[in-house]
$ cat input-v7.cif   # mmCIF, C-alpha atoms
data_entry
loop_
_atom_site.group_PDB
_atom_site.id
_atom_site.type_symbol
_atom_site.label_atom_id
_atom_site.label_comp_id
_atom_site.auth_asym_id
_atom_site.auth_seq_id
_atom_site.Cartn_x
_atom_site.Cartn_y
_atom_site.Cartn_z
ATOM 1 C CA MET E 256 60.720 85.710 131.462
ATOM 2 C CA THR E 257 57.816 87.427 129.724
ATOM 3 C CA ASN E 258 54.325 88.021 131.003
ATOM 4 C CA PRO E 259 51.555 86.190 129.193
ATOM 5 C CA SER E 260 49.492 88.282 126.848
ATOM 6 C CA PRO E 261 45.900 89.243 127.818
ATOM 7 C CA SER E 262 44.607 86.828 125.195
ATOM 8 C CA ALA E 263 46.522 84.008 126.884
ATOM 9 C CA GLU E 264 44.816 84.859 130.192
ATOM 10 C CA ILE E 265 41.420 84.699 128.509
ATOM 11 C CA GLU E 266 42.278 81.339 126.989
ATOM 12 C CA ILE E 267 43.360 80.020 130.378
ATOM 13 C CA GLY E 268 40.067 81.187 131.885
ATOM 14 C CA ILE E 269 38.114 79.413 129.171
ATOM 15 C CA ASP E 270 40.118 76.233 129.661
ATOM 16 C CA ASP E 271 39.479 76.336 133.429
ATOM 17 C CA ALA E 272 35.717 76.742 132.937
ATOM 18 C CA SER E 273 35.694 73.965 130.352
ATOM 19 C CA THR E 274 37.665 71.671 132.665
ATOM 20 C CA GLN E 275 35.300 72.416 135.551
ATOM 21 C CA ARG E 276 32.225 71.579 133.411
ATOM 22 C CA ALA E 277 33.910 68.415 132.164
ATOM 23 C CA GLY E 278 34.632 67.413 135.758
ATOM 24 C CA ILE E 279 30.954 67.765 136.654
ATOM 25 C CA VAL E 280 29.985 65.626 133.665
ATOM 26 C CA ASP E 281 32.647 63.022 134.538
ATOM 27 C CA HIS E 282 31.318 62.790 138.105
ATOM 28 C CA HIS E 283 27.723 62.485 136.901
ATOM 29 C CA VAL E 284 28.558 59.770 134.367
ATOM 30 C CA GLY E 285 30.583 57.906 136.998
ATOM 31 C CA ALA E 286 27.718 58.089 139.487
ATOM 32 C CA ARG E 287 25.311 56.738 136.864
ATOM 33 C CA ILE E 288 27.700 53.847 136.099
ATOM 34 C CA ARG E 289 27.947 53.017 139.812
ATOM 35 C CA GLU E 290 24.157 53.250 140.216
ATOM 36 C CA ARG E 291 23.479 50.915 137.287
ATOM 37 C CA ARG E 292 26.212 48.479 138.325
ATOM 38 C CA THR E 293 24.717 48.323 141.814
ATOM 39 C CA MET E 294 21.218 47.767 140.412
ATOM 40 C CA LEU E 295 22.525 44.796 138.454
ATOM 41 C CA GLY E 296 24.308 43.388 141.502
ATOM 42 C CA LEU E 297 27.760 43.619 139.965
ATOM 43 C CA SER E 298 30.917 44.369 141.927
ATOM 44 C CA GLN E 299 33.470 46.841 140.620
ATOM 45 C CA GLN E 300 35.794 43.890 140.020
ATOM 46 C CA GLN E 301 33.178 42.148 137.878
ATOM 47 C CA LEU E 302 32.485 45.284 135.843
ATOM 48 C CA ALA E 303 36.215 45.890 135.375
ATOM 49 C CA LYS E 304 36.736 42.370 134.075
ATOM 50 C CA MET E 305 33.758 42.664 131.709
ATOM 51 C CA ILE E 306 35.095 45.873 130.131
ATOM 52 C CA GLY E 307 38.753 44.805 130.183
ATOM 53 C CA VAL E 308 40.199 47.271 132.694
ATOM 54 C CA THR E 309 41.672 46.976 136.170
ATOM 55 C CA TYR E 310 39.557 47.309 139.286
ATOM 56 C CA GLN E 311 41.400 50.558 140.049
ATOM 57 C CA GLN E 312 40.501 51.984 136.640
ATOM 58 C CA ALA E 313 36.814 51.072 137.071
ATOM 59 C CA HIS E 314 36.912 52.707 140.501
ATOM 60 C CA LYS E 315 38.381 55.895 139.002
ATOM 61 C CA TYR E 316 35.692 55.917 136.287
ATOM 62 C CA GLU E 317 32.946 55.676 138.912
ATOM 63 C CA ARG E 318 34.471 58.452 141.006
ATOM 64 C CA GLY E 319 34.781 60.699 137.943
ATOM 65 C CA LEU E 320 38.546 60.907 138.439
ATOM 66 C CA ASN E 321 39.429 59.509 135.014
ATOM 67 C CA ARG E 322 37.773 60.441 131.774
ATOM 68 C CA ILE E 323 35.972 57.723 129.852
ATOM 69 C CA SER E 324 36.524 57.585 126.115
ATOM 70 C CA ALA E 325 33.520 57.338 123.811
ATOM 71 C CA GLY E 326 34.450 53.781 122.874
ATOM 72 C CA ARG E 327 34.815 52.704 126.499
ATOM 73 C CA LEU E 328 31.506 54.380 127.452
ATOM 74 C CA PHE E 329 29.817 52.509 124.604
ATOM 75 C CA GLU E 330 31.312 49.253 125.891
ATOM 76 C CA ILE E 331 30.162 50.018 129.460
ATOM 77 C CA ALA E 332 26.655 50.773 128.176
ATOM 78 C CA GLN E 333 26.543 47.406 126.397
ATOM 79 C CA VAL E 334 27.752 45.531 129.493
ATOM 80 C CA LEU E 335 25.231 47.336 131.714
ATOM 81 C CA ASN E 336 22.479 46.901 129.109
ATOM 82 C CA VAL E 337 21.545 50.584 128.810
ATOM 83 C CA PRO E 338 21.789 53.139 126.001
ATOM 84 C CA VAL E 339 24.756 55.525 126.207
ATOM 85 C CA SER E 340 22.286 58.358 126.854
ATOM 86 C CA TYR E 341 21.426 56.718 130.206
ATOM 87 C CA PHE E 342 24.672 58.033 131.669
ATOM 88 C CA PHE E 343 23.725 61.634 130.861
ATOM 89 C CA GLU E 344 20.121 61.521 132.110
ATOM 90 C CA GLY E 345 19.497 64.077 134.831
ATOM 91 C CA LEU E 346 22.513 66.160 133.864
ATOM 92 C CA GLN E 347 21.414 69.759 133.598
ATOM 93 C CA PRO E 348 23.634 72.518 132.234
ATOM 94 C CA GLY E 349 25.303 74.443 135.047
ATOM 95 C CA THR E 350 24.375 71.999 137.809
ATOM 96 C CA GLU E 351 26.481 69.536 139.720
ATOM 97 C CA ALA E 352 25.731 65.828 139.786
ATOM 98 C CA GLN E 353 23.695 64.843 142.815
ATOM 99 C CA PRO E 354 25.359 62.102 144.823
ATOM 100 C CA VAL E 355 23.353 58.997 145.582
ATOM 101 C CA SER E 356 22.140 59.266 149.165
ATOM 102 C CA SER E 357 22.636 56.438 151.641
ATOM 103 C CA ARG E 358 18.866 55.896 151.505
ATOM 104 C CA GLN E 359 18.939 55.578 147.695
ATOM 105 C CA ARG E 360 21.918 53.233 147.909
ATOM 106 C CA MET E 361 20.043 51.103 150.477
ATOM 107 C CA PHE E 362 16.992 51.010 148.209
ATOM 108 C CA LEU E 363 19.082 49.860 145.254
ATOM 109 C CA GLU E 364 20.717 47.183 147.389
ATOM 110 C CA LEU E 365 17.324 46.030 148.681
ATOM 111 C CA ALA E 366 15.941 45.798 145.138
ATOM 112 C CA ARG E 367 19.021 43.887 143.964
ATOM 113 C CA ASN E 368 18.868 41.450 146.859
ATOM 114 C CA PHE E 369 15.106 40.980 146.457
ATOM 115 C CA ALA E 370 15.628 40.070 142.797
ATOM 116 C CA LEU E 371 18.221 37.476 143.820
ATOM 117 C CA ILE E 372 15.711 35.598 146.012
ATOM 118 C CA ASP E 373 14.651 32.644 143.879
ATOM 119 C CA ASN E 374 11.849 31.441 146.148
ATOM 120 C CA ASP E 375 8.482 33.064 145.322
ATOM 121 C CA LYS E 376 7.127 32.429 148.824
ATOM 122 C CA HIS E 377 10.125 34.160 150.398
ATOM 123 C CA GLN E 378 9.710 37.117 148.052
ATOM 124 C CA GLU E 379 6.026 37.368 148.949
ATOM 125 C CA ALA E 380 6.794 37.135 152.691
ATOM 126 C CA LEU E 381 9.363 39.925 152.393
ATOM 127 C CA SER E 382 6.912 42.031 150.397
ATOM 128 C CA GLN E 383 4.194 41.535 153.035
ATOM 129 C CA MET E 384 6.624 42.458 155.803
ATOM 130 C CA ALA E 385 7.557 45.672 153.968
ATOM 131 C CA ARG E 386 3.865 46.566 153.533
ATOM 132 C CA ALA E 387 3.199 45.929 157.248
ATOM 133 C CA LEU E 388 6.180 48.045 158.322
ATOM 134 C CA ALA E 389 5.160 50.858 155.974
ATOM 135 C CA ALA E 390 1.576 50.802 157.279
ATOM 136 C CA GLN E 391 2.855 50.880 160.857
ATOM 137 C CA SER E 392 5.121 53.858 160.071
ATOM 138 C CA GLN E 393 2.251 55.751 158.437
ATOM 139 C CA SER E 394 0.012 55.039 161.422
ATOM 140 C CA HIS E 395 2.646 56.353 163.843
ATOM 141 C CA GLN E 396 3.152 59.451 161.707
ATOM 142 C CA ARG E 397 -0.595 60.173 161.657
ATOM 143 C CA ASP E 398 -0.727 59.723 165.445
ATOM 144 C CA ARG E 399 2.076 62.287 165.870
ATOM 145 C CA GLU E 400 0.277 64.763 163.603
ATOM 146 C CA ASP E 401 -2.988 64.488 165.585
#
$ encode --input "input-v7.cif" --output "structure tokens"
Amino acid sequence: MTNPSPSAEIEIGIDDASTQRAGIVDHHVGARIRERRTMLGLSQQQLAKMIGVTYQQAHKYERGLNRISAGRLFEIAQVLNVPVSYFFEGLQPGTEAQPVSSRQRMFLELARNFALIDNDKHQEALSQMARALAAQSQSHQRDRED
């Protein structure tokens, strides 16, 4: 058995760094797919069916576990009604993708559910309730600061 040459070690190091960067990009793209799918009120099963893959494959795409080909990403962009560049927005060189917080996820779910309410009076009532709760929270916060 022979030892690898120094040039082979350098190549391995480059491949590792490249793989690590690709992993960050895969996770970011997956998070953006999940975010957009949630905004549209689609389940993973629905998205999978629309792009012709299994639920498990769609799940792996969203987790960044499986790479997405250019053709598949184009298809996903069409289904989610966004340009392909949408999936790369917010991706900065050398930074990791920021996971969606539970608060952000709740906000997206609230917006999706609000959009599904087909009664204008119910939407207005919910909007007024949110304004009242926000005003109450601000009032309590000002009281604590005083």
$ closest_residue --input "input-v7.cif" --among "E:Leu320, E:Val339, E:Leu371, E:Leu346" --to "Gly296 (chain E)" --atoms "all atoms listed in the file"
E:Leu371
$ residues_around --input "input-v7.cif" --residues "Arg292 (chain E)" --least-positions-apart "2" --cutoff "10 Å" --atoms "only C-alpha atoms" --output "VMD selection string"
chain E and resid 286 to 290 294 to 299 301 to 302 317 331 334 to 335
$ atom_distance --input "input-v7.cif" --atom1 "CA of Gly285 (chain E)" --atom2 "CA of Lys315 (chain E)"
8.3 Å
$ closest_residue --input "input-v7.cif" --among "E:Val284, E:Gln378, E:Asp401, E:Gln311" --to "Leu328 (chain E)" --atoms "all atoms listed in the file"
E:Val284
$ atom_distance --input "input-v7.cif" --atom1 "CA of Gln300 (chain E)" --atom2 "CA of Ala370 (chain E)"
20.7 Å
$ closest_residue --input "input-v7.cif" --among "E:Ser357, E:Asn321, E:Asn336, E:Asn374" --to "Val280 (chain E)" --atoms "all atoms listed in the file"
E:Asn321
$ decode --input "input-v7.cif" --residues "region 292-306 of chain E" --atoms "N, CA and C atoms" --output "PDB file, in the first residue's frame"
ATOM      1  N   ARG E 292     -43.065  26.989   0.160  1.00  0.00           N
ATOM      2  CA  ARG E 292     -44.136  26.001   0.173  1.00  0.00           C
ATOM      3  C   ARG E 292     -45.110  26.300   1.312  1.00  0.00           C
ATOM      4  N   THR E 293     -44.574  26.616   2.470  1.00  0.00           N
ATOM      5  CA  THR E 293     -45.409  26.944   3.626  1.00  0.00           C
ATOM      6  C   THR E 293     -46.228  28.200   3.366  1.00  0.00           C
ATOM      7  N   MET E 294     -45.610  29.213   2.769  1.00  0.00           N
ATOM      8  CA  MET E 294     -46.337  30.447   2.450  1.00  0.00           C
ATOM      9  C   MET E 294     -47.521  30.182   1.538  1.00  0.00           C
ATOM     10  N   LEU E 295     -47.366  29.233   0.628  1.00  0.00           N
ATOM     11  CA  LEU E 295     -48.430  28.915  -0.315  1.00  0.00           C
ATOM     12  C   LEU E 295     -49.445  27.935   0.264  1.00  0.00           C
ATOM     13  N   GLY E 296     -49.170  27.428   1.460  1.00  0.00           N
ATOM     14  CA  GLY E 296     -50.109  26.503   2.097  1.00  0.00           C
ATOM     15  C   GLY E 296     -50.082  25.106   1.521  1.00  0.00           C
ATOM     16  N   LEU E 297     -48.948  24.731   0.949  1.00  0.00           N
ATOM     17  CA  LEU E 297     -48.814  23.396   0.366  1.00  0.00           C
ATOM     18  C   LEU E 297     -48.156  22.447   1.358  1.00  0.00           C
ATOM     19  N   SER E 298     -48.573  21.199   1.358  1.00  0.00           N
ATOM     20  CA  SER E 298     -47.904  20.182   2.162  1.00  0.00           C
ATOM     21  C   SER E 298     -46.718  19.650   1.351  1.00  0.00           C
ATOM     22  N   GLN E 299     -45.831  18.941   2.032  1.00  0.00           N
ATOM     23  CA  GLN E 299     -44.720  18.319   1.308  1.00  0.00           C
ATOM     24  C   GLN E 299     -45.250  17.298   0.306  1.00  0.00           C
ATOM     25  N   GLN E 300     -46.315  16.602   0.670  1.00  0.00           N
ATOM     26  CA  GLN E 300     -46.900  15.612  -0.236  1.00  0.00           C
ATOM     27  C   GLN E 300     -47.418  16.291  -1.503  1.00  0.00           C
ATOM     28  N   GLN E 301     -48.071  17.433  -1.342  1.00  0.00           N
ATOM     29  CA  GLN E 301     -48.599  18.145  -2.508  1.00  0.00           C
ATOM     30  C   GLN E 301     -47.469  18.620  -3.410  1.00  0.00           C
ATOM     31  N   LEU E 302     -46.431  19.206  -2.805  1.00  0.00           N
ATOM     32  CA  LEU E 302     -45.288  19.664  -3.601  1.00  0.00           C
ATOM     33  C   LEU E 302     -44.649  18.484  -4.329  1.00  0.00           C
ATOM     34  N   ALA E 303     -44.450  17.381  -3.619  1.00  0.00           N
ATOM     35  CA  ALA E 303     -43.829  16.204  -4.231  1.00  0.00           C
ATOM     36  C   ALA E 303     -44.615  15.749  -5.456  1.00  0.00           C
ATOM     37  N   LYS E 304     -45.920  15.685  -5.318  1.00  0.00           N
ATOM     38  CA  LYS E 304     -46.761  15.247  -6.432  1.00  0.00           C
ATOM     39  C   LYS E 304     -46.652  16.218  -7.609  1.00  0.00           C
ATOM     40  N   MET E 305     -46.602  17.513  -7.308  1.00  0.00           N
ATOM     41  CA  MET E 305     -46.547  18.530  -8.365  1.00  0.00           C
ATOM     42  C   MET E 305     -45.240  18.490  -9.149  1.00  0.00           C
ATOM     43  N   ILE E 306     -44.147  18.068  -8.487  1.00  0.00           N
ATOM     44  CA  ILE E 306     -42.853  18.020  -9.182  1.00  0.00           C
ATOM     45  C   ILE E 306     -42.455  16.601  -9.571  1.00  0.00           C
TER      46      ILE E 306
END
